[in-house]
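Student: Questions regarding the structure given below will be posed in turn.
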Amino acid sequence: MVQAKTWVLKQHFEGFPKDTDFELKLEQLSEPRDGEVLLEAVFLSVDPYMRLFLYFDHRVIQSNNPSFPVGCHVVGRCGWRTHTVSNGSDITKILDDWPQDVSLSHALGAIGMPGLTALYGLEEVCAIKSGETLLVNAAAGAVGSVAGQIAKLKGCKVVGSAGSDDKVAYLKELGFDQAFNYKTVPSLEEALKNASPEGYDCYFENVGGPFSSVAIPQMKTFGRIAVCGGISLYNDTTPQTGPYPHLQMIFKQLKMEGFLVGRWEHKNDESLKRMLTWVQEGKLKCKEHVTVGFENMPAAFMGMLRGENIGKAIVKV
């Protein structure tokens with residue numbers, strides 16, 4: 001039998017998560033039965049959506065399922081665990097032709113769910129076109145940094161907002177046309193206007209709240225907004241209120257659409273191969289913020305929510 005370490009939620013978060021919300025436990029796992037596999041965690045993902053879903057990269061170390069032979073790597077929603085027994089329904093194999101010179105951790109980042117989120121938000125929701133201007137907030141994060149780079153590959157002007165000067169410098173390294181620190185600019189409205197006086201065709205929304213209230217009036221007529229996240233809202237104990245964007249949306253005839261990446265799951269294989277090719281060609285850069293040690297999962301999660309990471313936040317077991 002294998003002993004698994006697992007982090008459990010002792011109590012639901014009230015406001016910002018804290019250490020006492022989590023508890024580390026040990027669990028004895030039974031041998032995998034027919035059709036099951038035993039997984040060992042290699043990299044664990046740390047993302048804002050983890051308040052709802054959990055994604056990780058695992059290696060198959062014992063298998064009674066021919067679809068997942070020993071040694072192959074999979075991603076899945078398995079919880080904060082070092083080991084898991086799965087029947088295969090909740091895991092997906094990483095691309096068979098994954099190159100040896102590309103870290104498997106990127107299967108949790110630019111060549112995984114965050115990268116697909118960026119791609120589909122731009123292509124499927126915004127239907128972005130060459131020559132258009134894109135605004136991205138939380139632009140130095142796992143999704144925002146990829147969204148900005150993909151837009152540049154498509155011939156767009158890209159403006160990014162981030163929460164530190166180091167993050168702004170990183171966005172400029174990635175080729176963003178304009179980038180600013182929303183925490184230090186005297187006026188968010190003026191910063192957005194200065195970055196793109198003509199306004200914005202597309203807006204990749206990761207933050208919500210007051211930022212959104214300022215950004216929406218600067219959209220061009222027939223602008224498109226892909227609502228990916230709302231990190232400014234996640235830790236609220238009291239819901240935020242207004243101002244409300246309805247009149248701006250009516251008179252500018254804006255399209256604002258929330259989305260989940262799974263809607264286009266049927267496109268994932270082709271899309272992941274595109275992303276992998278961009279990485280190999282040096283057109284898509286993947287920065288990671290790595291925390292070492294399974295015991296540091298809660299700290300890594302809370303650090304990510306505080307904005308301590310540049311690029312994809314992961315835990316190496």
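In the structure tokens, the first chain shown is A, the next is B, and so on; residue numbers restart at 1 for each chain, and ligands run from 1 in the order shown.
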Can you pull out every residue within 10 Å of A:Tyr244, counting only C-alpha atoms, but drop anything in the same chain fewer than 4 positions away, and send it as number ranges by chain?
Tutor: A: 212-213, 216, 248-249
Student: Any chance you can output those residues with all heavy atoms as an mmCIF file, in the first residue's frame?
Tutor:
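The new file result_27.cif reads:
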data_model
loop_
_atom_site.group_PDB
_atom_site.id
_atom_site.type_symbol
_atom_site.label_atom_id
_atom_site.label_comp_id
_atom_site.auth_asym_id
_atom_site.auth_seq_id
_atom_site.Cartn_x
_atom_site.Cartn_y
_atom_site.Cartn_z
ATOM 1 N N SER A 212 -12.527 47.155 -13.938
ATOM 2 C CA SER A 212 -13.483 46.952 -15.021
ATOM 3 C C SER A 212 -14.361 48.179 -15.225
ATOM 4 O O SER A 212 -14.670 48.564 -16.363
ATOM 5 C CB SER A 212 -14.343 45.721 -14.727
ATOM 6 O OG SER A 212 -15.196 45.430 -15.802
ATOM 7 N N SER A 213 -14.760 48.797 -14.119
ATOM 8 C CA SER A 213 -15.624 49.977 -14.207
ATOM 9 C C SER A 213 -14.939 51.126 -14.940
ATOM 10 O O SER A 213 -15.594 51.916 -15.618
ATOM 11 C CB SER A 213 -16.039 50.434 -12.806
ATOM 12 O OG SER A 213 -16.784 49.421 -12.148
ATOM 13 N N ILE A 216 -14.234 49.671 -19.102
ATOM 14 C CA ILE A 216 -15.344 49.495 -20.049
ATOM 15 C C ILE A 216 -15.693 50.785 -20.788
ATOM 16 O O ILE A 216 -15.928 50.751 -22.013
ATOM 17 C CB ILE A 216 -16.568 48.893 -19.331
ATOM 18 C CG1 ILE A 216 -16.286 47.423 -18.988
ATOM 19 C CG2 ILE A 216 -17.827 48.998 -20.185
ATOM 20 C CD1 ILE A 216 -17.375 46.739 -18.186
ATOM 21 N N GLN A 248 -23.048 52.201 -21.094
ATOM 22 C CA GLN A 248 -21.875 52.118 -21.965
ATOM 23 C C GLN A 248 -22.001 50.934 -22.917
ATOM 24 O O GLN A 248 -21.686 51.048 -24.105
ATOM 25 C CB GLN A 248 -20.602 51.978 -21.127
ATOM 26 C CG GLN A 248 -20.245 53.194 -20.292
ATOM 27 C CD GLN A 248 -19.659 54.321 -21.123
ATOM 28 O OE1 GLN A 248 -19.283 54.107 -22.278
ATOM 29 N NE2 GLN A 248 -19.585 55.510 -20.555
ATOM 30 N N MET A 249 -22.464 49.808 -22.393
ATOM 31 C CA MET A 249 -22.575 48.610 -23.222
ATOM 32 C C MET A 249 -23.652 48.778 -24.292
ATOM 33 O O MET A 249 -23.507 48.303 -25.422
ATOM 34 C CB MET A 249 -22.859 47.391 -22.346
ATOM 35 C CG MET A 249 -21.711 47.069 -21.402
ATOM 36 S SD MET A 249 -21.910 45.496 -20.557
ATOM 37 C CE MET A 249 -21.684 44.368 -21.933
#
Student: Enumerate the residues of stretch 33-273 of chain A with a DSSP assignment of helix (DSSP H, G or I), computed from the backbone, and present them as a ChimeraX atom specification.
Tutor: /A:48-51,104-108,113-126,142-153,165-173,188-195,209-218,246-251,261-273
Student: Tell me which protein, DNA and RNA residues are within 10 Å of A:Leu192, counting only C-alpha atoms, leaving out same-chain ones fewer than 4 positions away, and put them as a ChimeraX atom specification.
Tutor: /A:135,159-161,178-180,182,187-188,196-197,199-200,214-215,218
Student: Please write the residues from the selection above to a file, keeping N, CA, C and O atoms, as an mmCIF file, in the first residue's frame.
Tutor:
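As a result, part-v4.cif now contains:
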data_model
loop_
_atom_site.group_PDB
_atom_site.id
_atom_site.type_symbol
_atom_site.label_atom_id
_atom_site.label_comp_id
_atom_site.auth_asym_id
_atom_site.auth_seq_id
_atom_site.Cartn_x
_atom_site.Cartn_y
_atom_site.Cartn_z
ATOM 1 N N LEU A 135 -6.540 45.085 -24.424
ATOM 2 C CA LEU A 135 -6.207 45.403 -23.044
ATOM 3 C C LEU A 135 -6.250 44.126 -22.224
ATOM 4 O O LEU A 135 -7.228 43.378 -22.286
ATOM 5 N N VAL A 159 -1.838 46.273 -24.593
ATOM 6 C CA VAL A 159 -1.613 47.077 -23.399
ATOM 7 C C VAL A 159 -1.847 46.180 -22.185
ATOM 8 O O VAL A 159 -2.884 45.513 -22.093
ATOM 9 N N GLY A 160 -0.892 46.172 -21.269
ATOM 10 C CA GLY A 160 -1.003 45.311 -20.099
ATOM 11 C C GLY A 160 -0.926 46.086 -18.802
ATOM 12 O O GLY A 160 -0.158 47.042 -18.675
ATOM 13 N N SER A 161 -1.717 45.653 -17.827
ATOM 14 C CA SER A 161 -1.698 46.218 -16.488
ATOM 15 C C SER A 161 -1.233 45.133 -15.522
ATOM 16 O O SER A 161 -1.660 43.980 -15.610
ATOM 17 N N GLN A 178 2.513 48.632 -24.485
ATOM 18 C CA GLN A 178 2.418 49.522 -23.338
ATOM 19 C C GLN A 178 2.136 48.679 -22.100
ATOM 20 O O GLN A 178 1.420 47.676 -22.177
ATOM 21 N N ALA A 179 2.696 49.087 -20.972
ATOM 22 C CA ALA A 179 2.439 48.388 -19.716
ATOM 23 C C ALA A 179 2.581 49.387 -18.576
ATOM 24 O O ALA A 179 3.405 50.304 -18.644
ATOM 25 N N PHE A 180 1.771 49.222 -17.542
ATOM 26 C CA PHE A 180 1.839 50.130 -16.408
ATOM 27 C C PHE A 180 1.480 49.406 -15.120
ATOM 28 O O PHE A 180 0.820 48.358 -15.134
ATOM 29 N N TYR A 182 -0.708 49.428 -12.096
ATOM 30 C CA TYR A 182 -1.970 50.041 -11.716
ATOM 31 C C TYR A 182 -1.977 50.533 -10.258
ATOM 32 O O TYR A 182 -2.790 51.386 -9.891
ATOM 33 N N SER A 187 -3.742 57.964 -11.880
ATOM 34 C CA SER A 187 -5.118 57.770 -12.327
ATOM 35 C C SER A 187 -5.172 56.592 -13.276
ATOM 36 O O SER A 187 -4.495 56.599 -14.320
ATOM 37 N N LEU A 188 -5.960 55.578 -12.927
ATOM 38 C CA LEU A 188 -6.118 54.434 -13.822
ATOM 39 C C LEU A 188 -6.743 54.866 -15.143
ATOM 40 O O LEU A 188 -6.334 54.419 -16.219
ATOM 41 N N SER A 196 -3.570 53.963 -24.877
ATOM 42 C CA SER A 196 -4.278 53.780 -26.146
ATOM 43 C C SER A 196 -5.349 54.863 -26.276
ATOM 44 O O SER A 196 -6.520 54.627 -25.962
ATOM 45 N N PRO A 197 -4.980 56.055 -26.729
ATOM 46 C CA PRO A 197 -5.939 57.166 -26.812
ATOM 47 C C PRO A 197 -7.157 56.859 -27.671
ATOM 48 O O PRO A 197 -8.240 57.407 -27.429
ATOM 49 N N GLY A 199 -8.735 54.068 -27.753
ATOM 50 C CA GLY A 199 -9.594 53.095 -27.094
ATOM 51 C C GLY A 199 -9.156 51.666 -27.361
ATOM 52 O O GLY A 199 -8.063 51.410 -27.886
ATOM 53 N N TYR A 200 -10.026 50.720 -27.005
ATOM 54 C CA TYR A 200 -9.689 49.295 -27.062
ATOM 55 C C TYR A 200 -10.756 48.508 -27.821
ATOM 56 O O TYR A 200 -11.951 48.678 -27.586
ATOM 57 N N VAL A 214 -13.610 51.205 -14.816
ATOM 58 C CA VAL A 214 -12.865 52.251 -15.499
ATOM 59 C C VAL A 214 -12.557 51.871 -16.943
ATOM 60 O O VAL A 214 -12.548 52.725 -17.838
ATOM 61 N N ALA A 215 -12.332 50.584 -17.186
ATOM 62 C CA ALA A 215 -11.917 50.132 -18.514
ATOM 63 C C ALA A 215 -13.067 50.104 -19.516
ATOM 64 O O ALA A 215 -12.886 50.470 -20.693
ATOM 65 N N GLN A 218 -13.819 52.865 -21.933
ATOM 66 C CA GLN A 218 -12.787 53.155 -22.923
ATOM 67 C C GLN A 218 -12.778 52.137 -24.066
ATOM 68 O O GLN A 218 -11.877 52.159 -24.907
#
Student: Nearest residue to A:Val261 out of A:Tyr49, A:Tyr170, A:Phe68, A:Trp278, using only C-alpha atoms?
Tutor: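 When distances to A:Val261 are compared using only C-alpha atoms, the smallest one comes from A:Tyr49.
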Student: Select, from A:Ile225, A:Gly307, A:Glu281, A:Leu153, the residue with the minimum atom-to-atom distance to A:Met256, counting only C-alpha atoms.
Tutor: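 Result for the nearest residue to A:Met256: A:Ile225.
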Student: A:Val185, A:Val42, A:Val315, A:Leu284: which is nearest A:Asp165, counting only C-alpha atoms?
Tutor: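 The closest residue to A:Asp165 is A:Val185.
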Student: So how far away is atom CA of A:His58 from atom CA of A:His73, in Å?
Tutor: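 Atom-to-atom, atom CA of A:His73 to atom CA of A:His58, that is 5.6 Å.
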Student: Residues within 9 Å of A:Asp177, please, as a list of chain:residue names. Count only C-alpha atoms; anything in the same chain fewer than 6 positions from it doesn't count.
Tutor: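 Here the answer would be A:Lys152, A:Lys157, A:Val158, A:Val159, A:Gly160, A:Leu171, A:Ala195.
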Student: In terms of the shortest atom-to-atom distance over only C-alpha atoms, which of A:Asp47, A:Glu31, A:Glu265, A:Asp201 is closest to A:His289?
Tutor: A:Asp47
Student: Excluding stretch 303-306 of chain A and its own-chain neighbours fewer than 5 positions away, which residues fall within 9 Å of it when counting only C-alpha atoms? Please give them as a list in words.
Tutor: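 Using only C-alpha atoms, the neighbours found are Phe16, Pro17, Val46, Asp47, Pro48, Ile231, Pro298 and Ala313 of chain A.
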Student: Show me, as a ChimeraX atom specification, the residues that have an atom within 6 Å of stretch 59-64 of chain A when counting only C-alpha atoms, minus same-chain residues fewer than 6 positions from it.
Tutor: /A:34-40,70-73
Student: Run DSSP on the backbone and grab whatever in stretch 51-202 of chain A lands in strand (DSSP E); send it over as a ChimeraX atom specification.
Tutor: /A:56-63,73-76,83-86,91-93,133-136,157-162,178-181,200-202
Student: Please produce an output containing N, CA and C atoms for each residue in the selection, written as a short mmCIF file (atom, residue, chain, number, x, y, z; two decimals), in the first residue's frame.
Tutor:
data_model
loop_
_atom_site.label_atom_id
_atom_site.label_comp_id
_atom_site.auth_asym_id
_atom_site.auth_seq_id
_atom_site.Cartn_x
_atom_site.Cartn_y
_atom_site.Cartn_z
N PHE A 56 -3.29 19.24 -11.73
CA PHE A 56 -1.94 18.82 -11.40
C PHE A 56 -1.36 17.92 -12.48
N ASP A 57 -0.01 17.86 -12.52
CA ASP A 57 0.71 16.94 -13.40
C ASP A 57 1.17 15.76 -12.56
N HIS A 58 0.79 14.55 -13.00
CA HIS A 58 1.15 13.33 -12.28
C HIS A 58 1.85 12.36 -13.22
N ARG A 59 2.63 11.49 -12.62
CA ARG A 59 3.26 10.39 -13.35
C ARG A 59 2.58 9.09 -12.92
N VAL A 60 2.28 8.24 -13.90
CA VAL A 60 1.68 6.94 -13.61
C VAL A 60 2.79 6.01 -13.12
N ILE A 61 2.65 5.49 -11.89
CA ILE A 61 3.69 4.61 -11.33
C ILE A 61 3.21 3.17 -11.18
N GLN A 62 1.90 2.94 -11.38
CA GLN A 62 1.36 1.58 -11.37
C GLN A 62 0.08 1.61 -12.18
N SER A 63 -0.11 0.64 -13.08
CA SER A 63 -1.25 0.74 -13.98
C SER A 63 -1.91 -0.60 -14.24
N HIS A 73 2.79 10.62 -18.36
CA HIS A 73 2.39 11.76 -17.53
C HIS A 73 0.98 12.20 -17.89
N VAL A 74 0.24 12.58 -16.88
CA VAL A 74 -1.14 12.99 -17.07
C VAL A 74 -1.41 14.27 -16.29
N VAL A 75 -2.45 14.98 -16.69
CA VAL A 75 -2.95 16.11 -15.89
C VAL A 75 -4.37 15.79 -15.49
N GLY A 76 -4.77 16.31 -14.35
CA GLY A 76 -6.12 16.04 -13.88
C GLY A 76 -6.44 16.80 -12.62
N HIS A 83 -0.24 11.36 -3.96
CA HIS A 83 -0.58 10.13 -4.70
C HIS A 83 -2.09 10.02 -4.82
N THR A 84 -2.52 9.42 -5.92
CA THR A 84 -3.95 9.28 -6.20
C THR A 84 -4.20 7.99 -6.96
N VAL A 85 -5.28 7.31 -6.63
CA VAL A 85 -5.76 6.19 -7.44
C VAL A 85 -6.90 6.71 -8.30
N SER A 86 -6.80 6.48 -9.62
CA SER A 86 -7.79 7.01 -10.56
C SER A 86 -8.24 5.91 -11.51
N ILE A 91 -8.51 12.16 -15.69
CA ILE A 91 -7.15 12.52 -16.07
C ILE A 91 -7.03 12.50 -17.59
N THR A 92 -6.04 13.25 -18.08
CA THR A 92 -5.78 13.34 -19.52
C THR A 92 -4.28 13.21 -19.75
N LYS A 93 -3.90 12.38 -20.73
CA LYS A 93 -2.49 12.21 -21.02
C LYS A 93 -1.91 13.48 -21.62
N THR A 133 -6.55 46.56 -30.97
CA THR A 133 -5.88 46.85 -29.71
C THR A 133 -6.52 46.05 -28.59
N LEU A 134 -5.67 45.34 -27.83
CA LEU A 134 -6.13 44.49 -26.73
C LEU A 134 -5.66 45.06 -25.40
N LEU A 135 -6.54 45.08 -24.42
CA LEU A 135 -6.21 45.40 -23.04
C LEU A 135 -6.25 44.13 -22.22
N VAL A 136 -5.20 43.87 -21.45
CA VAL A 136 -5.14 42.70 -20.56
C VAL A 136 -4.78 43.18 -19.16
N LYS A 157 -1.94 45.44 -31.24
CA LYS A 157 -1.33 46.28 -30.22
C LYS A 157 -1.83 45.77 -28.88
N VAL A 158 -0.92 45.64 -27.90
CA VAL A 158 -1.29 45.06 -26.61
C VAL A 158 -0.88 46.00 -25.48
N VAL A 159 -1.84 46.27 -24.59
CA VAL A 159 -1.61 47.08 -23.40
C VAL A 159 -1.85 46.18 -22.18
N GLY A 160 -0.89 46.17 -21.27
CA GLY A 160 -1.00 45.31 -20.10
C GLY A 160 -0.93 46.09 -18.80
N SER A 161 -1.72 45.65 -17.83
CA SER A 161 -1.70 46.22 -16.49
C SER A 161 -1.23 45.13 -15.52
N ALA A 162 -0.35 45.52 -14.59
CA ALA A 162 0.15 44.58 -13.59
C ALA A 162 0.38 45.32 -12.29
N GLN A 178 2.51 48.63 -24.49
CA GLN A 178 2.42 49.52 -23.34
C GLN A 178 2.14 48.68 -22.10
N ALA A 179 2.70 49.09 -20.97
CA ALA A 179 2.44 48.39 -19.72
C ALA A 179 2.58 49.39 -18.58
N PHE A 180 1.77 49.22 -17.54
CA PHE A 180 1.84 50.13 -16.41
C PHE A 180 1.48 49.41 -15.12
N ASN A 181 1.92 49.98 -14.00
CA ASN A 181 1.65 49.46 -12.66
C ASN A 181 0.38 50.15 -12.15
N TYR A 200 -10.03 50.72 -27.01
CA TYR A 200 -9.69 49.29 -27.06
C TYR A 200 -10.76 48.51 -27.82
N ASP A 201 -10.28 47.66 -28.73
CA ASP A 201 -11.19 46.77 -29.46
C ASP A 201 -11.58 45.57 -28.62
N CYS A 202 -10.60 45.04 -27.88
CA CYS A 202 -10.80 43.83 -27.08
C CYS A 202 -10.22 44.02 -25.68
#
Student: Ranking A:Lys316, A:Asn235, A:Tyr203, A:Leu254 by minimum distance to A:Glu14 and counting only C-alpha atoms, which one comes first?
Tutor: A:Asn235
Student: In Å to one decimal, how far is atom CA of A:Ile111 from atom CA of A:Arg274?
Tutor: 8.9 Å
Student: Report, in Å to a single decimal, how far apart atom CA of A:Gly148 and atom CA of A:Leu119 are.
Tutor: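 Separating atom CA of A:Leu119 from atom CA of A:Gly148 is a distance of 9.9 Å.
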Student: Do you know which residues are at most 9 Å from A:Trp80 counting only C-alpha atoms, after dropping those on the same chain fewer than 6 positions away, and could you put them as JSON, numbers by chain?
Tutor: {"A": [5, 6, 7, 8, 44, 54, 55, 56, 294, 297]}
Student: I need the chosen residues saved as an mmCIF file, in the first residue's frame, with N, CA, C and O atoms.
Tutor:
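To be explicit, this is the file written out as again-v1.cif:
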data_model
loop_
_atom_site.group_PDB
_atom_site.id
_atom_site.type_symbol
_atom_site.label_atom_id
_atom_site.label_comp_id
_atom_site.auth_asym_id
_atom_site.auth_seq_id
_atom_site.Cartn_x
_atom_site.Cartn_y
_atom_site.Cartn_z
ATOM 1 N N LYS A 5 0.172 11.831 1.113
ATOM 2 C CA LYS A 5 -0.012 13.064 1.868
ATOM 3 C C LYS A 5 -1.087 13.880 1.158
ATOM 4 O O LYS A 5 -1.101 13.967 -0.076
ATOM 5 N N THR A 6 -1.968 14.474 1.912
ATOM 6 C CA THR A 6 -3.043 15.251 1.309
ATOM 7 C C THR A 6 -3.385 16.463 2.159
ATOM 8 O O THR A 6 -3.451 16.371 3.391
ATOM 9 N N TRP A 7 -3.544 17.600 1.505
ATOM 10 C CA TRP A 7 -4.015 18.798 2.182
ATOM 11 C C TRP A 7 -5.530 18.845 2.082
ATOM 12 O O TRP A 7 -6.093 18.674 1.003
ATOM 13 N N VAL A 8 -6.181 19.053 3.209
ATOM 14 C CA VAL A 8 -7.646 19.147 3.222
ATOM 15 C C VAL A 8 -8.039 20.526 3.745
ATOM 16 O O VAL A 8 -7.291 21.192 4.475
ATOM 17 N N LEU A 44 2.388 20.603 -9.108
ATOM 18 C CA LEU A 44 1.042 20.990 -8.700
ATOM 19 C C LEU A 44 0.800 22.423 -9.127
ATOM 20 O O LEU A 44 1.652 23.296 -8.964
ATOM 21 N N LEU A 54 -8.968 22.038 -9.172
ATOM 22 C CA LEU A 54 -7.570 21.745 -8.894
ATOM 23 C C LEU A 54 -6.961 20.962 -10.046
ATOM 24 O O LEU A 54 -7.490 19.922 -10.444
ATOM 25 N N TYR A 55 -5.839 21.458 -10.604
ATOM 26 C CA TYR A 55 -5.172 20.793 -11.719
ATOM 27 C C TYR A 55 -3.736 20.448 -11.338
ATOM 28 O O TYR A 55 -3.031 21.280 -10.767
ATOM 29 N N PHE A 56 -3.292 19.241 -11.726
ATOM 30 C CA PHE A 56 -1.938 18.821 -11.399
ATOM 31 C C PHE A 56 -1.362 17.920 -12.480
ATOM 32 O O PHE A 56 -2.091 17.288 -13.241
ATOM 33 N N PHE A 294 5.852 19.796 -1.234
ATOM 34 C CA PHE A 294 4.395 19.623 -1.093
ATOM 35 C C PHE A 294 3.871 20.309 0.161
ATOM 36 O O PHE A 294 2.734 20.804 0.186
ATOM 37 N N MET A 297 2.270 23.919 -0.164
ATOM 38 C CA MET A 297 1.115 24.193 -1.024
ATOM 39 C C MET A 297 0.274 25.373 -0.537
ATOM 40 O O MET A 297 -0.021 26.293 -1.309
#
